[in-house]
Structure formats: structure tokens, C-alpha cells
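As stored in data_23.pdb (PDB, C-alpha atoms):
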ATOM      1  CA  MET A   1      72.094 -56.170   0.080  1.00  0.00           C
ATOM      2  CA  ARG A   2      70.356 -56.495   3.431  1.00  0.00           C
ATOM      3  CA  LEU A   3      66.836 -56.034   4.735  1.00  0.00           C
ATOM      4  CA  LEU A   4      66.016 -56.194   8.406  1.00  0.00           C
ATOM      5  CA  LYS A   5      63.818 -59.202   9.248  1.00  0.00           C
ATOM      6  CA  TRP A   6      63.828 -58.986  13.032  1.00  0.00           C
ATOM      7  CA  ASN A   7      60.457 -58.287  14.616  1.00  0.00           C
ATOM      8  CA  ASN A   8      61.517 -57.123  18.073  1.00  0.00           C
ATOM      9  CA  ARG A   9      60.880 -53.702  19.615  1.00  0.00           C
ATOM     10  CA  LEU A  10      64.386 -52.318  19.020  1.00  0.00           C
ATOM     11  CA  ALA A  11      64.237 -53.398  15.387  1.00  0.00           C
ATOM     12  CA  LYS A  12      61.147 -51.246  14.848  1.00  0.00           C
ATOM     13  CA  LYS A  13      62.514 -48.121  16.540  1.00  0.00           C
ATOM     14  CA  ASP A  14      64.384 -45.546  14.436  1.00  0.00           C
ATOM     15  CA  SER A  15      67.965 -45.025  15.587  1.00  0.00           C
ATOM     16  CA  TRP A  16      67.677 -41.274  16.083  1.00  0.00           C
ATOM     17  CA  SER A  17      67.349 -40.098  19.655  1.00  0.00           C
ATOM     18  CA  GLY A  18      66.566 -36.714  21.094  1.00  0.00           C
ATOM     19  CA  GLU A  19      65.021 -33.582  19.692  1.00  0.00           C
ATOM     20  CA  ILE A  20      65.799 -32.405  16.161  1.00  0.00           C
ATOM     21  CA  SER A  21      66.504 -28.666  16.109  1.00  0.00           C
ATOM     22  CA  ASN A  22      64.898 -26.558  13.339  1.00  0.00           C
ATOM     23  CA  LYS A  23      62.919 -29.640  12.376  1.00  0.00           C
ATOM     24  CA  ASP A  24      60.391 -27.923  10.079  1.00  0.00           C
ATOM     25  CA  ALA A  25      63.145 -26.341   7.963  1.00  0.00           C
ATOM     26  CA  LYS A  26      65.123 -29.569   7.871  1.00  0.00           C
ATOM     27  CA  GLN A  27      62.023 -31.525   6.854  1.00  0.00           C
ATOM     28  CA  ARG A  28      61.447 -29.239   3.866  1.00  0.00           C
ATOM     29  CA  VAL A  29      65.021 -29.808   2.687  1.00  0.00           C
ATOM     30  CA  ALA A  30      64.635 -33.553   3.284  1.00  0.00           C
ATOM     31  CA  ASP A  31      61.471 -33.685   1.190  1.00  0.00           C
ATOM     32  CA  GLU A  32      63.202 -31.755  -1.600  1.00  0.00           C
ATOM     33  CA  VAL A  33      66.117 -34.199  -1.884  1.00  0.00           C
ATOM     34  CA  SER A  34      63.757 -37.174  -1.920  1.00  0.00           C
ATOM     35  CA  ARG A  35      62.386 -35.930  -5.257  1.00  0.00           C
ATOM     36  CA  PHE A  36      65.760 -36.573  -6.901  1.00  0.00           C
ATOM     37  CA  VAL A  37      65.474 -40.337  -6.460  1.00  0.00           C
ATOM     38  CA  LYS A  38      65.176 -42.368  -9.670  1.00  0.00           C
ATOM     39  CA  ASN A  39      64.561 -46.052 -10.156  1.00  0.00           C
ATOM     40  CA  GLY A  40      67.863 -47.934 -10.131  1.00  0.00           C
ATOM     41  CA  ASP A  41      69.801 -45.286  -8.180  1.00  0.00           C
ATOM     42  CA  THR A  42      72.591 -46.109  -5.766  1.00  0.00           C
ATOM     43  CA  ILE A  43      72.645 -43.354  -3.149  1.00  0.00           C
ATOM     44  CA  GLY A  44      75.243 -42.381  -0.581  1.00  0.00           C
ATOM     45  CA  VAL A  45      73.421 -41.870   2.713  1.00  0.00           C
ATOM     46  CA  GLY A  46      74.888 -39.360   5.151  1.00  0.00           C
ATOM     47  CA  SER A  47      74.603 -39.168   8.898  1.00  0.00           C
ATOM     48  CA  GLY A  48      72.968 -36.622  11.183  1.00  0.00           C
ATOM     49  CA  SER A  49      69.470 -35.359  11.861  1.00  0.00           C
ATOM     50  CA  THR A  50      68.742 -33.786   8.461  1.00  0.00           C
ATOM     51  CA  SER A  51      70.023 -36.863   6.649  1.00  0.00           C
ATOM     52  CA  PHE A  52      67.811 -38.992   8.888  1.00  0.00           C
ATOM     53  CA  LEU A  53      64.738 -36.988   7.846  1.00  0.00           C
ATOM     54  CA  ALA A  54      65.773 -37.242   4.180  1.00  0.00           C
ATOM     55  CA  LEU A  55      66.169 -40.982   4.550  1.00  0.00           C
ATOM     56  CA  GLN A  56      62.625 -41.241   5.883  1.00  0.00           C
ATOM     57  CA  SER A  57      61.278 -39.227   2.935  1.00  0.00           C
ATOM     58  CA  ILE A  58      63.242 -41.319   0.433  1.00  0.00           C
ATOM     59  CA  ALA A  59      62.057 -44.570   1.987  1.00  0.00           C
ATOM     60  CA  GLU A  60      58.449 -43.393   1.702  1.00  0.00           C
ATOM     61  CA  ARG A  61      58.890 -42.634  -2.012  1.00  0.00           C
ATOM     62  CA  VAL A  62      60.586 -45.970  -2.621  1.00  0.00           C
ATOM     63  CA  LYS A  63      57.723 -47.768  -0.910  1.00  0.00           C
ATOM     64  CA  GLN A  64      54.914 -45.845  -2.612  1.00  0.00           C
ATOM     65  CA  GLU A  65      56.400 -46.046  -6.116  1.00  0.00           C
ATOM     66  CA  ASN A  66      57.983 -49.501  -5.773  1.00  0.00           C
ATOM     67  CA  LEU A  67      61.416 -48.177  -6.770  1.00  0.00           C
ATOM     68  CA  GLU A  68      64.589 -50.239  -6.863  1.00  0.00           C
ATOM     69  CA  VAL A  69      67.168 -48.258  -4.900  1.00  0.00           C
ATOM     70  CA  LEU A  70      70.402 -49.175  -3.127  1.00  0.00           C
ATOM     71  CA  ALA A  71      71.837 -47.178  -0.233  1.00  0.00           C
ATOM     72  CA  ILE A  72      75.463 -46.871   0.854  1.00  0.00           C
ATOM     73  CA  PRO A  73      75.346 -45.777   4.521  1.00  0.00           C
ATOM     74  CA  THR A  74      78.136 -43.716   6.061  1.00  0.00           C
ATOM     75  CA  SER A  75      77.629 -44.918   9.636  1.00  0.00           C
ATOM     76  CA  LEU A  76      76.143 -47.688  11.732  1.00  0.00           C
ATOM     77  CA  GLU A  77      73.303 -45.302  12.604  1.00  0.00           C
ATOM     78  CA  ALA A  78      72.536 -44.751   8.906  1.00  0.00           C
ATOM     79  CA  MET A  79      72.831 -48.457   8.133  1.00  0.00           C
ATOM     80  CA  MET A  80      70.405 -49.422  10.899  1.00  0.00           C
ATOM     81  CA  ASN A  81      67.866 -46.820   9.778  1.00  0.00           C
ATOM     82  CA  CYS A  82      68.133 -47.949   6.145  1.00  0.00           C
ATOM     83  CA  SER A  83      67.324 -51.484   7.252  1.00  0.00           C
ATOM     84  CA  LYS A  84      64.454 -50.425   9.494  1.00  0.00           C
ATOM     85  CA  LEU A  85      62.964 -48.280   6.739  1.00  0.00           C
ATOM     86  CA  GLY A  86      63.146 -51.104   4.209  1.00  0.00           C
ATOM     87  CA  LEU A  87      65.973 -49.743   2.038  1.00  0.00           C
ATOM     88  CA  LYS A  88      68.441 -52.243   0.641  1.00  0.00           C
ATOM     89  CA  THR A  89      72.059 -51.448   1.463  1.00  0.00           C
ATOM     90  CA  THR A  90      75.372 -52.114  -0.233  1.00  0.00           C
ATOM     91  CA  THR A  91      78.981 -50.979   0.217  1.00  0.00           C
ATOM     92  CA  LEU A  92      81.591 -48.978  -1.663  1.00  0.00           C
ATOM     93  CA  SER A  93      83.360 -52.266  -2.339  1.00  0.00           C
ATOM     94  CA  ALA A  94      80.384 -53.457  -4.371  1.00  0.00           C
ATOM     95  CA  ALA A  95      78.942 -50.279  -5.917  1.00  0.00           C
ATOM     96  CA  ARG A  96      79.618 -46.632  -6.658  1.00  0.00           C
ATOM     97  CA  PRO A  97      77.031 -44.014  -5.678  1.00  0.00           C
ATOM     98  CA  ASP A  98      75.155 -42.213  -8.454  1.00  0.00           C
ATOM     99  CA  TRP A  99      74.793 -39.359  -5.983  1.00  0.00           C
ATOM    100  CA  GLY A 100      74.619 -38.809  -2.261  1.00  0.00           C
ATOM    101  CA  PHE A 101      73.260 -36.571   0.468  1.00  0.00           C
ATOM    102  CA  ASP A 102      74.629 -35.491   3.808  1.00  0.00           C
ATOM    103  CA  GLY A 103      74.522 -32.704   6.348  1.00  0.00           C
ATOM    104  CA  ALA A 104      77.215 -30.294   7.504  1.00  0.00           C
ATOM    105  CA  ASP A 105      78.215 -28.500  10.681  1.00  0.00           C
ATOM    106  CA  GLU A 106      79.384 -25.387   8.828  1.00  0.00           C
ATOM    107  CA  VAL A 107      79.197 -24.086   5.244  1.00  0.00           C
ATOM    108  CA  ASP A 108      81.056 -20.977   4.088  1.00  0.00           C
ATOM    109  CA  GLY A 109      80.552 -18.785   1.016  1.00  0.00           C
ATOM    110  CA  GLN A 110      82.809 -21.024  -1.106  1.00  0.00           C
ATOM    111  CA  ASN A 111      80.857 -24.191  -0.245  1.00  0.00           C
ATOM    112  CA  ARG A 112      83.698 -25.372   1.964  1.00  0.00           C
ATOM    113  CA  LEU A 113      82.443 -27.572   4.774  1.00  0.00           C
ATOM    114  CA  ILE A 114      83.214 -28.706   8.276  1.00  0.00           C
ATOM    115  CA  LYS A 115      81.699 -32.096   9.073  1.00  0.00           C
ATOM    116  CA  GLY A 116      82.196 -34.747  11.707  1.00  0.00           C
ATOM    117  CA  ARG A 117      80.362 -33.608  14.814  1.00  0.00           C
ATOM    118  CA  GLY A 118      78.649 -37.014  14.697  1.00  0.00           C
ATOM    119  CA  GLY A 119      81.989 -38.812  14.424  1.00  0.00           C
ATOM    120  CA  ALA A 120      81.411 -40.394  10.990  1.00  0.00           C
ATOM    121  CA  LEU A 121      83.728 -38.124   8.974  1.00  0.00           C
ATOM    122  CA  PHE A 122      85.965 -40.908   7.595  1.00  0.00           C
ATOM    123  CA  ALA A 123      83.153 -42.887   5.962  1.00  0.00           C
ATOM    124  CA  GLU A 124      81.355 -39.677   4.967  1.00  0.00           C
ATOM    125  CA  LYS A 125      84.407 -38.479   3.052  1.00  0.00           C
ATOM    126  CA  LEU A 126      84.924 -41.858   1.359  1.00  0.00           C
ATOM    127  CA  VAL A 127      81.347 -41.812   0.078  1.00  0.00           C
ATOM    128  CA  MET A 128      81.450 -38.123  -0.918  1.00  0.00           C
ATOM    129  CA  ALA A 129      84.707 -38.582  -2.818  1.00  0.00           C
ATOM    130  CA  SER A 130      83.147 -41.533  -4.666  1.00  0.00           C
ATOM    131  CA  SER A 131      79.977 -39.661  -5.661  1.00  0.00           C
ATOM    132  CA  PRO A 132      79.665 -37.466  -8.781  1.00  0.00           C
ATOM    133  CA  LYS A 133      77.509 -35.104  -6.708  1.00  0.00           C
ATOM    134  CA  THR A 134      76.522 -34.764  -3.070  1.00  0.00           C
ATOM    135  CA  TYR A 135      73.589 -32.677  -1.869  1.00  0.00           C
ATOM    136  CA  ILE A 136      74.389 -30.949   1.416  1.00  0.00           C
ATOM    137  CA  LEU A 137      71.220 -30.470   3.446  1.00  0.00           C
ATOM    138  CA  VAL A 138      71.397 -27.562   5.872  1.00  0.00           C
ATOM    139  CA  ASP A 139      69.309 -24.883   7.503  1.00  0.00           C
ATOM    140  CA  GLU A 140      70.376 -21.254   7.789  1.00  0.00           C
ATOM    141  CA  SER A 141      72.109 -21.832  11.123  1.00  0.00           C
ATOM    142  CA  LYS A 142      74.927 -23.747   9.385  1.00  0.00           C
ATOM    143  CA  PHE A 143      76.159 -20.857   7.202  1.00  0.00           C
ATOM    144  CA  VAL A 144      79.239 -18.955   8.407  1.00  0.00           C
ATOM    145  CA  GLU A 145      81.357 -16.100   7.120  1.00  0.00           C
ATOM    146  CA  ARG A 146      84.554 -17.808   8.265  1.00  0.00           C
ATOM    147  CA  LEU A 147      85.065 -21.570   8.275  1.00  0.00           C
ATOM    148  CA  GLY A 148      85.704 -22.626  11.847  1.00  0.00           C
ATOM    149  CA  GLU A 149      83.657 -19.741  13.225  1.00  0.00           C
ATOM    150  CA  LYS A 150      81.309 -21.937  15.274  1.00  0.00           C
ATOM    151  CA  PHE A 151      82.808 -25.424  15.324  1.00  0.00           C
ATOM    152  CA  ALA A 152      86.191 -26.977  15.777  1.00  0.00           C
ATOM    153  CA  VAL A 153      87.632 -29.138  12.995  1.00  0.00           C
ATOM    154  CA  PRO A 154      87.390 -32.837  13.922  1.00  0.00           C
ATOM    155  CA  ILE A 155      90.515 -34.851  13.153  1.00  0.00           C
ATOM    156  CA  GLU A 156      90.341 -38.641  13.346  1.00  0.00           C
ATOM    157  CA  VAL A 157      93.597 -40.045  14.688  1.00  0.00           C
ATOM    158  CA  ASP A 158      95.089 -43.479  15.276  1.00  0.00           C
ATOM    159  CA  PRO A 159      95.325 -43.708  19.110  1.00  0.00           C
ATOM    160  CA  ARG A 160      99.052 -44.481  18.911  1.00  0.00           C
ATOM    161  CA  ALA A 161      99.701 -41.167  17.179  1.00  0.00           C
ATOM    162  CA  VAL A 162      97.783 -38.750  19.414  1.00  0.00           C
ATOM    163  CA  HIS A 163     100.867 -37.010  20.841  1.00  0.00           C
ATOM    164  CA  LEU A 164     102.644 -36.909  17.493  1.00  0.00           C
ATOM    165  CA  VAL A 165      99.588 -35.358  15.858  1.00  0.00           C
ATOM    166  CA  GLU A 166      99.056 -32.768  18.585  1.00  0.00           C
ATOM    167  CA  THR A 167     102.712 -31.750  18.407  1.00  0.00           C
ATOM    168  CA  SER A 168     102.557 -31.549  14.604  1.00  0.00           C
ATOM    169  CA  LEU A 169      99.510 -29.278  14.786  1.00  0.00           C
ATOM    170  CA  GLU A 170     101.657 -26.564  16.368  1.00  0.00           C
ATOM    171  CA  ARG A 171     103.023 -25.599  12.958  1.00  0.00           C
ATOM    172  CA  TYR A 172      99.478 -24.885  11.756  1.00  0.00           C
ATOM    173  CA  ALA A 173      98.845 -22.409  14.582  1.00  0.00           C
ATOM    174  CA  ALA A 174      96.117 -24.515  16.137  1.00  0.00           C
ATOM    175  CA  ARG A 175      94.507 -22.312  18.768  1.00  0.00           C
ATOM    176  CA  GLU A 176      92.984 -25.156  20.790  1.00  0.00           C
ATOM    177  CA  VAL A 177      93.240 -28.956  20.662  1.00  0.00           C
ATOM    178  CA  THR A 178      90.941 -31.151  22.746  1.00  0.00           C
ATOM    179  CA  MET A 179      90.266 -34.864  22.743  1.00  0.00           C
ATOM    180  CA  ARG A 180      86.580 -35.629  22.273  1.00  0.00           C
ATOM    181  CA  MET A 181      85.305 -37.554  25.267  1.00  0.00           C
ATOM    182  CA  ALA A 182      82.544 -40.148  25.258  1.00  0.00           C
ATOM    183  CA  GLN A 183      79.170 -39.304  26.813  1.00  0.00           C
ATOM    184  CA  SER A 184      78.111 -42.708  28.144  1.00  0.00           C
ATOM    185  CA  LYS A 185      81.466 -44.338  28.828  1.00  0.00           C
ATOM    186  CA  ASP A 186      84.669 -43.316  30.545  1.00  0.00           C
ATOM    187  CA  GLY A 187      87.472 -42.045  28.392  1.00  0.00           C
ATOM    188  CA  PRO A 188      87.641 -40.776  24.811  1.00  0.00           C
ATOM    189  CA  LEU A 189      85.047 -41.309  22.131  1.00  0.00           C
ATOM    190  CA  ILE A 190      86.038 -44.222  19.880  1.00  0.00           C
ATOM    191  CA  THR A 191      84.996 -43.998  16.230  1.00  0.00           C
ATOM    192  CA  GLU A 192      83.531 -46.890  14.267  1.00  0.00           C
ATOM    193  CA  ALA A 193      86.996 -47.424  12.767  1.00  0.00           C
ATOM    194  CA  GLY A 194      88.536 -47.714  16.248  1.00  0.00           C
ATOM    195  CA  ASN A 195      90.192 -44.299  16.299  1.00  0.00           C
ATOM    196  CA  ILE A 196      89.924 -41.186  18.491  1.00  0.00           C
ATOM    197  CA  LEU A 197      88.844 -37.661  17.583  1.00  0.00           C
ATOM    198  CA  LEU A 198      90.694 -34.442  18.241  1.00  0.00           C
ATOM    199  CA  ASP A 199      88.630 -31.256  17.955  1.00  0.00           C
ATOM    200  CA  VAL A 200      90.908 -28.483  16.750  1.00  0.00           C
ATOM    201  CA  ARG A 201      90.241 -24.747  16.467  1.00  0.00           C
ATOM    202  CA  PHE A 202      92.065 -22.645  13.901  1.00  0.00           C
ATOM    203  CA  ASP A 203      91.931 -18.882  13.380  1.00  0.00           C
ATOM    204  CA  HIS A 204      92.341 -19.308   9.619  1.00  0.00           C
ATOM    205  CA  ILE A 205      91.600 -22.272   7.342  1.00  0.00           C
ATOM    206  CA  GLU A 206      93.291 -22.174   3.947  1.00  0.00           C
ATOM    207  CA  ASP A 207      92.201 -24.271   0.964  1.00  0.00           C
ATOM    208  CA  GLY A 208      95.261 -26.524   1.205  1.00  0.00           C
ATOM    209  CA  MET A 209      94.890 -27.264   4.892  1.00  0.00           C
ATOM    210  CA  GLU A 210      92.749 -30.385   4.376  1.00  0.00           C
ATOM    211  CA  LYS A 211      95.524 -32.129   2.440  1.00  0.00           C
ATOM    212  CA  GLU A 212      98.264 -30.801   4.700  1.00  0.00           C
ATOM    213  CA  LEU A 213      96.608 -32.060   7.881  1.00  0.00           C
ATOM    214  CA  SER A 214      95.892 -35.434   6.247  1.00  0.00           C
ATOM    215  CA  SER A 215      99.624 -35.799   5.511  1.00  0.00           C
ATOM    216  CA  ILE A 216     100.508 -35.849   9.229  1.00  0.00           C
ATOM    217  CA  PRO A 217     101.454 -39.439  10.158  1.00  0.00           C
ATOM    218  CA  GLY A 218      98.663 -40.933  12.250  1.00  0.00           C
ATOM    219  CA  VAL A 219      95.878 -38.707  10.891  1.00  0.00           C
ATOM    220  CA  ILE A 220      93.183 -40.931   9.401  1.00  0.00           C
ATOM    221  CA  GLU A 221      90.917 -38.126   8.154  1.00  0.00           C
ATOM    222  CA  THR A 222      89.870 -34.554   8.840  1.00  0.00           C
ATOM    223  CA  GLY A 223      86.479 -32.882   9.043  1.00  0.00           C
ATOM    224  CA  LEU A 224      87.457 -30.355   6.372  1.00  0.00           C
ATOM    225  CA  PHE A 225      85.605 -30.981   3.101  1.00  0.00           C
ATOM    226  CA  ILE A 226      87.098 -28.617   0.530  1.00  0.00           C
ATOM    227  CA  GLY A 227      86.761 -28.811  -3.250  1.00  0.00           C
ATOM    228  CA  TYR A 228      84.186 -31.598  -3.488  1.00  0.00           C
ATOM    229  CA  SER A 229      81.306 -31.629  -5.967  1.00  0.00           C
ATOM    230  CA  VAL A 230      78.519 -30.466  -3.672  1.00  0.00           C
ATOM    231  CA  GLU A 231      75.246 -28.615  -4.074  1.00  0.00           C
ATOM    232  CA  ILE A 232      73.884 -26.838  -1.010  1.00  0.00           C
ATOM    233  CA  LEU A 233      70.152 -27.280  -0.370  1.00  0.00           C
ATOM    234  CA  THR A 234      68.558 -25.035   2.208  1.00  0.00           C
ATOM    235  CA  VAL A 235      65.323 -23.182   2.945  1.00  0.00           C
TER
END

What does the file become when written as C-alpha cells?
Amino acid sequence: MRLLKWNNRLAKKDSWSGEISNKDAKQRVADEVSRFVKNGDTIGVGSGSTSFLALQSIAERVKQENLEVLAIPTSLEAMMNCSKLGLKTTTLSAARPDWGFDGADEVDGQNRLIKGRGGALFAEKLVMASSPKTYILVDESKFVERLGEKFAVPIEVDPRAVHLVETSLERYAAREVTMRMAQSKDGPLITEAGNILLDVRFDHIEDGMEKELSSIPGVIETGLFIGYSVEILTV
């Protein structure tokens, strides 16, 4: 369990940068999920803008009501914000979440998800798979008729296996495969686990594709979240 005790300027600044799109709608969803918090809960904390707003709302409740709550962050960004907001953190090695919350890039009519635009899909899936229930916080812009309609499927890959994985994707009729490049450094984006991300577009995504893609040697995780215990919260 860790609480931030630094008193410098960076320690006081939330680790979310830039504008938050559809902020009013996302804030309403964030406030709704904060009402689920009970004293003694261990909560899986997702990444992304809506999760960041939910984290702020939860931290305010914890402070006002003097609740004992533990958070399991899914990214460095989430961990830093937990600390700055005064929420104690733990890990999956030490505790299992009672429930969790996260965002999504796409949600279809069967509650199948694409996640990973923020690059934290590996930890997000570990926490979701460990949680009895995960609340997915989205606005109307995230709903699609066909999974993969708006976003590519992120696939986290060991750097040594990039060519093997791309070649293996041919048998799944991948329409487009691109390596995600970093924005403020040369070369590819490197995940917190030291891997690279391939963004892959498919014309059709079947239920079994998540497991099939994960079976390719060198694939660490995919951004397909299919068959998990989720409840979609939107406005």
C-alpha cells in the first residue's frame, strides 16, 4: 500500500493531459460508478479519460466518508493518479479485486469490447479477468454495430516476434497491420511491459478470435475482450 508523500509541483498535478472529449457525459457515468464503493472494497482501476474522472469521484467519496479502500491500478498513469488523489494501492499479487471499472474503445451489441488505445491492454485484461464484475464506462460514441468498425484491434507483441506474428495474422484475413509509433520519441511505442503494439484491422471478428490470436507465439495479449463479466454504464 502506497501513499504519495512528495510535495513538489509534479506530485500535485494529475497525470491526465489534454482535453477530455464528451466530458459532461463521461462525468455523469463517473459519478454513477463512484456510488458503488463500499468500505473495505478492493477496486480494479482502469485507464483512460473516463476512468480518470471516475477515480476522481471515488477519491472524493473516500475522503468525505473516511472509507477504507484499496485500488489495483492497470497502468502507471492510473497508479500515479491513485497516489496523488490519496487512494492506497495494492497489486494482483497481494489482493483480488471485489470489482473494477474501465473504459472501452468500442462496445458492440453483445457487450464485446475493443480496448487498448491507451496501450495498457495487458494489465487491464489481467485485472478484468480477476474481477467478479467490471463496470465499463462509456458514452454513446463508443457503441458500434460491428466490432472493429471504428478502431483497429491492438495486439501486444514481444519485439522478437513481430515478423512471425504479422505473418501468422495472414490466416485470419487481417486487412491491415501497422506498428504503433511513439509520439514523443523515435521508433515504435513501447508498452509498460517492454513490448510493441500492432494495430490490426479485421473485416469480421468471431467470438473465438481472442483466444486464437493469443495462441500465436509471441503474442502477449490482444485488445479483444470477449466473454468477460461486464456491465456497461452509459448516459

Would you write out, as a Markdown table, a table of all residues in range 118-171 of chain A that have an atom no more than 9 Å from an atom of range 79-92 of chain A, listing for each the closest atom pair and the distance in Å to one decimal, considering all atoms listed in the file and ordering rows by chain and rising residue number?
| residue | atom | partner | partner_atom | distance |
| --- | --- | --- | --- | --- |
| A:Leu126 | CA | A:Leu92 | CA | 8.4 |
| A:Val127 | CA | A:Leu92 | CA | 7.4 |
| A:Ser130 | CA | A:Leu92 | CA | 8.2 |

task: Write out as a list of chain:residue names which residues come within 10 Å of Asn195 in chain A when counting all atoms listed in the file, dropping same-chain ones fewer than 2 positions away.
output: A:Ile155, A:Glu156, A:Val157, A:Asp158, A:Pro159, A:Arg160, A:Val162, A:Pro188, A:Leu189, A:Ile190, A:Thr191, A:Glu192, A:Ala193, A:Leu197, A:Gly218, A:Val219, A:Ile220

field: Pick from A:Arg112, A:Arg180, A:Lys38, A:Arg171, whichever lies nearest to Ile136 in chain A using all atoms listed in the file
entry: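 Of A:Arg112, A:Arg180, A:Lys38, A:Arg171, the one nearest Ile136 in chain A, counting all atoms listed in the file, is A:Arg112.
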
field: Asn39 in chain A environment, 12 Å, all atoms listed in the file, sequence neighbours closer than 2 positions dropped, as a PyMOL selection string
entry: chain A and resi 35-37+41-43+58+61-63+65-70+98

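Within 10 Å of the point (61.2, -37.1, -1.1) in file coordinates, and counting only C-alpha atoms, lie the residues Gln27, Arg28, Val29, Ala30, Asp31, Glu32, Val33, Ser34, Arg35, Phe36, Val37, Leu53, Ala54, Leu55, Gln56, Ser57, Ile58, Ala59, Glu60, Arg61 and Val62 of chain A.
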
- request: Figure out the distance between CA of Val230 in chain A and CA of Gly100 in chain A, please, to one decimal in Å.
  value: 9.3 Å
